[in-house]
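Novice: Below is the structure I would like to discuss, written out as structure tokens.
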Amino acid sequence: MTTTAATAPQIRVALVDDQALFRTGIRMLVDSQPDLLFVGEAGDGAAGVELVRRTRADVVLMDVRMPVMDGITATSRIVEQGGPDAAKVLVLTTFDFDEAAAKAIRAGASGFVLKDADPEFLLAAVRTVHAGTAVFAASATRELLRRYDDTAGQSAPVPPSFAELTPREREIFDLAARGLSNSEIAQHEYVSEATVKTHISRVLTKLDLRDRVRLVVFAHEHGLVPKAE
């Protein structure tokens, strides 16, 4: 049979949350989508890590406050164990700017969504992170880090790889670290969005970063976040 858009592989979704009723609702929501496949659920972080390993989930919806192992530690282990092909983790949080969400981002999460978000937004978020894009603005990431940075004044040494960036890539890095979107960077630099995407991709490759969220974290942790003009 010829593979078509309708028969494309489904996005494998796992859920880790200690509230049984919430898990039931999310499972029903995911199951209602033809392009998504609910592969399992767990009630604590430790079980969640094993669930992701066993089911090879593509995206994990991860609560942060759970027994046995919290979502931050679980996120870190999933990212470390999975390497380049690790599942994308979407943190479930109650507040827009939550210390736990900030720590989860540092641990490797690809974004966060509010637990009371509109169902359509949650579904879109799953598809978006699976495609490799953060589901919230980089500026929101930077705000989280600014508010809850527990290593203020202790920037890590800048790795040698940063010196490999060309002058133009450094300009793009600076703008992305400030939280500008691709369209905003394109307008600022008078180039196309496609050109910006190419530069961003090269920057991520040279710095061995997984996505734009990691870029903002990298800039913050190494004291490379430029002030807005």
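Labels for the structure tokens follow display order: chains A, B, ..., residues from 1 in each chain, ligands from 1.
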Could you tell me, as a VMD selection string, which residues of region 24-226 of chain A DSSP assigns to strand (DSSP E or B) when given the backbone?
Specialist: chain A and resid 36 to 42 59 to 63 88 to 93 111 to 114
Novice: Take the residues from that selection and put them in a file with N, CA and C atoms, as an mmCIF file, in the first residue's frame.
Specialist:
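Everything below was put into part23.cif:
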data_model
loop_
_atom_site.group_PDB
_atom_site.id
_atom_site.type_symbol
_atom_site.label_atom_id
_atom_site.label_comp_id
_atom_site.auth_asym_id
_atom_site.auth_seq_id
_atom_site.Cartn_x
_atom_site.Cartn_y
_atom_site.Cartn_z
ATOM 1 N N LEU A 36 -2.528 11.221 16.261
ATOM 2 C CA LEU A 36 -1.863 11.004 17.542
ATOM 3 C C LEU A 36 -2.183 9.603 18.058
ATOM 4 N N LEU A 37 -1.212 9.007 18.752
ATOM 5 C CA LEU A 37 -1.396 7.686 19.338
ATOM 6 C C LEU A 37 -0.996 7.730 20.802
ATOM 7 N N PHE A 38 -1.938 7.493 21.694
ATOM 8 C CA PHE A 38 -1.648 7.473 23.131
ATOM 9 C C PHE A 38 -1.004 6.140 23.475
ATOM 10 N N VAL A 39 0.264 6.176 23.897
ATOM 11 C CA VAL A 39 1.003 4.933 24.107
ATOM 12 C C VAL A 39 1.113 4.517 25.571
ATOM 13 N N GLY A 40 0.640 5.359 26.499
ATOM 14 C CA GLY A 40 0.693 4.944 27.886
ATOM 15 C C GLY A 40 0.730 6.102 28.855
ATOM 16 N N GLU A 41 0.519 5.778 30.129
ATOM 17 C CA GLU A 41 0.512 6.785 31.178
ATOM 18 C C GLU A 41 1.211 6.260 32.417
ATOM 19 N N ALA A 42 1.678 7.200 33.245
ATOM 20 C CA ALA A 42 2.350 6.835 34.487
ATOM 21 C C ALA A 42 1.989 7.866 35.545
ATOM 22 N N VAL A 59 6.486 12.284 22.114
ATOM 23 C CA VAL A 59 6.215 13.459 22.941
ATOM 24 C C VAL A 59 5.699 12.988 24.296
ATOM 25 N N VAL A 60 6.187 13.627 25.356
ATOM 26 C CA VAL A 60 5.767 13.286 26.709
ATOM 27 C C VAL A 60 5.147 14.514 27.366
ATOM 28 N N LEU A 61 3.922 14.361 27.850
ATOM 29 C CA LEU A 61 3.290 15.405 28.649
ATOM 30 C C LEU A 61 3.664 15.112 30.099
ATOM 31 N N MET A 62 4.411 16.040 30.715
ATOM 32 C CA MET A 62 5.051 15.758 32.004
ATOM 33 C C MET A 62 4.631 16.751 33.089
ATOM 34 N N ASP A 63 4.000 16.223 34.136
ATOM 35 C CA ASP A 63 3.722 17.035 35.316
ATOM 36 C C ASP A 63 5.040 17.239 36.055
ATOM 37 N N LYS A 88 10.433 14.475 23.008
ATOM 38 C CA LYS A 88 10.249 15.884 23.347
ATOM 39 C C LYS A 88 9.334 15.962 24.572
ATOM 40 N N VAL A 89 9.738 16.725 25.576
ATOM 41 C CA VAL A 89 8.965 16.823 26.809
ATOM 42 C C VAL A 89 8.225 18.148 26.871
ATOM 43 N N LEU A 90 6.922 18.063 27.073
ATOM 44 C CA LEU A 90 6.084 19.233 27.290
ATOM 45 C C LEU A 90 5.691 19.248 28.765
ATOM 46 N N VAL A 91 6.128 20.257 29.480
ATOM 47 C CA VAL A 91 5.843 20.344 30.904
ATOM 48 C C VAL A 91 4.426 20.866 31.129
ATOM 49 N N LEU A 92 3.719 20.230 32.054
ATOM 50 C CA LEU A 92 2.378 20.672 32.432
ATOM 51 C C LEU A 92 2.500 21.484 33.709
ATOM 52 N N THR A 93 2.082 22.731 33.666
ATOM 53 C CA THR A 93 2.254 23.598 34.829
ATOM 54 C C THR A 93 0.969 24.371 35.111
ATOM 55 N N GLY A 111 9.272 22.800 26.144
ATOM 56 C CA GLY A 111 8.262 23.835 26.302
ATOM 57 C C GLY A 111 7.357 23.536 27.478
ATOM 58 N N PHE A 112 6.390 24.399 27.695
ATOM 59 C CA PHE A 112 5.427 24.134 28.752
ATOM 60 C C PHE A 112 4.047 24.617 28.336
ATOM 61 N N VAL A 113 3.029 23.980 28.880
ATOM 62 C CA VAL A 113 1.644 24.375 28.647
ATOM 63 C C VAL A 113 0.930 24.395 29.995
ATOM 64 N N LEU A 114 -0.047 25.261 30.106
ATOM 65 C CA LEU A 114 -0.833 25.330 31.329
ATOM 66 C C LEU A 114 -1.792 24.151 31.392
#
Novice: Identify, on the basis of only C-alpha atoms, every residue whose closest approach to Thr133 (chain A) does not exceed 9 Å; exclude the query and any residue fewer than 3 positions from it along the same chain; express the result as a count of residues only.
Specialist: 9
Novice: I need the residue nearest Ala219 (chain A) from this list: A:Ser181, A:Asp174, A:Ala8, A:Thr195. Use only C-alpha atoms for the distance.
Specialist: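 Ranked by minimum distance to Ala219 (chain A), first place goes to A:Asp174.
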Novice: Mind pulling up the distance from CA of Leu165 (chain A) to CA of Arg106 (chain A)?
Specialist: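 Computed distance, CA of Arg106 (chain A) to CA of Leu165 (chain A), equals 23.0 Å.
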Novice: Could you pull out the helix (DSSP H, G or I) residues of chain A, going by DSSP on the backbone, and write them as a ChimeraX atom specification?
Specialist: /A:5-7,20-31,45-55,71-85,99-107,119-130,138-147,160-164,167-177,182-189,193-207,212-221
Novice: Give the answer as one residue: which of A:Leu209, A:Leu51, A:Leu224, A:Ile11 has the shortest atom-to-atom distance to Ala156 (chain A), using only C-alpha atoms?
Specialist: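 Closest to Ala156 (chain A) of all the choices is A:Leu224.
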Novice: Using Å and a single decimal, report how far CA of Gly45 (chain A) sits from CA of Asp116 (chain A).
Specialist: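 Between CA of Asp116 (chain A) and CA of Gly45 (chain A) the gap is 20.9 Å.
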Novice: Got a sec: who's within 12 Å of Asn182 (chain A), counting only C-alpha atoms, leaving out chain neighbours fewer than 5 positions off, as a list in words?
Specialist: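 Selected residues are Thr133, Ala137, Ala138, Ile172, Phe173, Leu175, Ala176, Ala177, Gln187, His188, Glu189, Tyr190, Val191, Ser192, Glu193, Ala194, Thr195, Val196, Lys197, Thr198, His199, Ile200, Ser201 and Arg212 of chain A.
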Novice: Just want the 10 Å neighbourhood of Leu123 (chain A), counted on only C-alpha atoms, with same-chain residues fewer than 5 positions away dropped. Output as a PyMOL selection string.
Specialist: chain A and resi 26+29-30+33+36+117-118+128
Novice: Restricting the output to C-alpha atoms, write the selected residues as a PDB file, in the first residue's frame.
Specialist:
ATOM      1  CA  ILE A  26      -5.893  13.670  28.397  1.00  0.00           C
ATOM      2  CA  LEU A  29      -8.401  13.852  24.089  1.00  0.00           C
ATOM      3  CA  VAL A  30      -5.331  12.320  22.447  1.00  0.00           C
ATOM      4  CA  GLN A  33      -7.033  12.583  17.101  1.00  0.00           C
ATOM      5  CA  LEU A  36      -1.863  11.004  17.542  1.00  0.00           C
ATOM      6  CA  ALA A 117      -5.116  25.284  28.481  1.00  0.00           C
ATOM      7  CA  ASP A 118      -7.718  24.948  25.754  1.00  0.00           C
ATOM      8  CA  THR A 128       4.493  21.678  17.337  1.00  0.00           C
TER       9      THR A 128
END
Novice: If you measure from CA of Val49 (chain A) to CA of Lys206 (chain A), what distance in Å do you get, rounded to one decimal?
Specialist: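 Going from CA of Val49 (chain A) over to CA of Lys206 (chain A), I get 29.2 Å.
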Novice: For Met66 (chain A), find every residue with an atom within 10 Å (counting only C-alpha atoms), except residues of its own chain fewer than 2 positions away, and show them as a count of residues only.
Specialist: 16
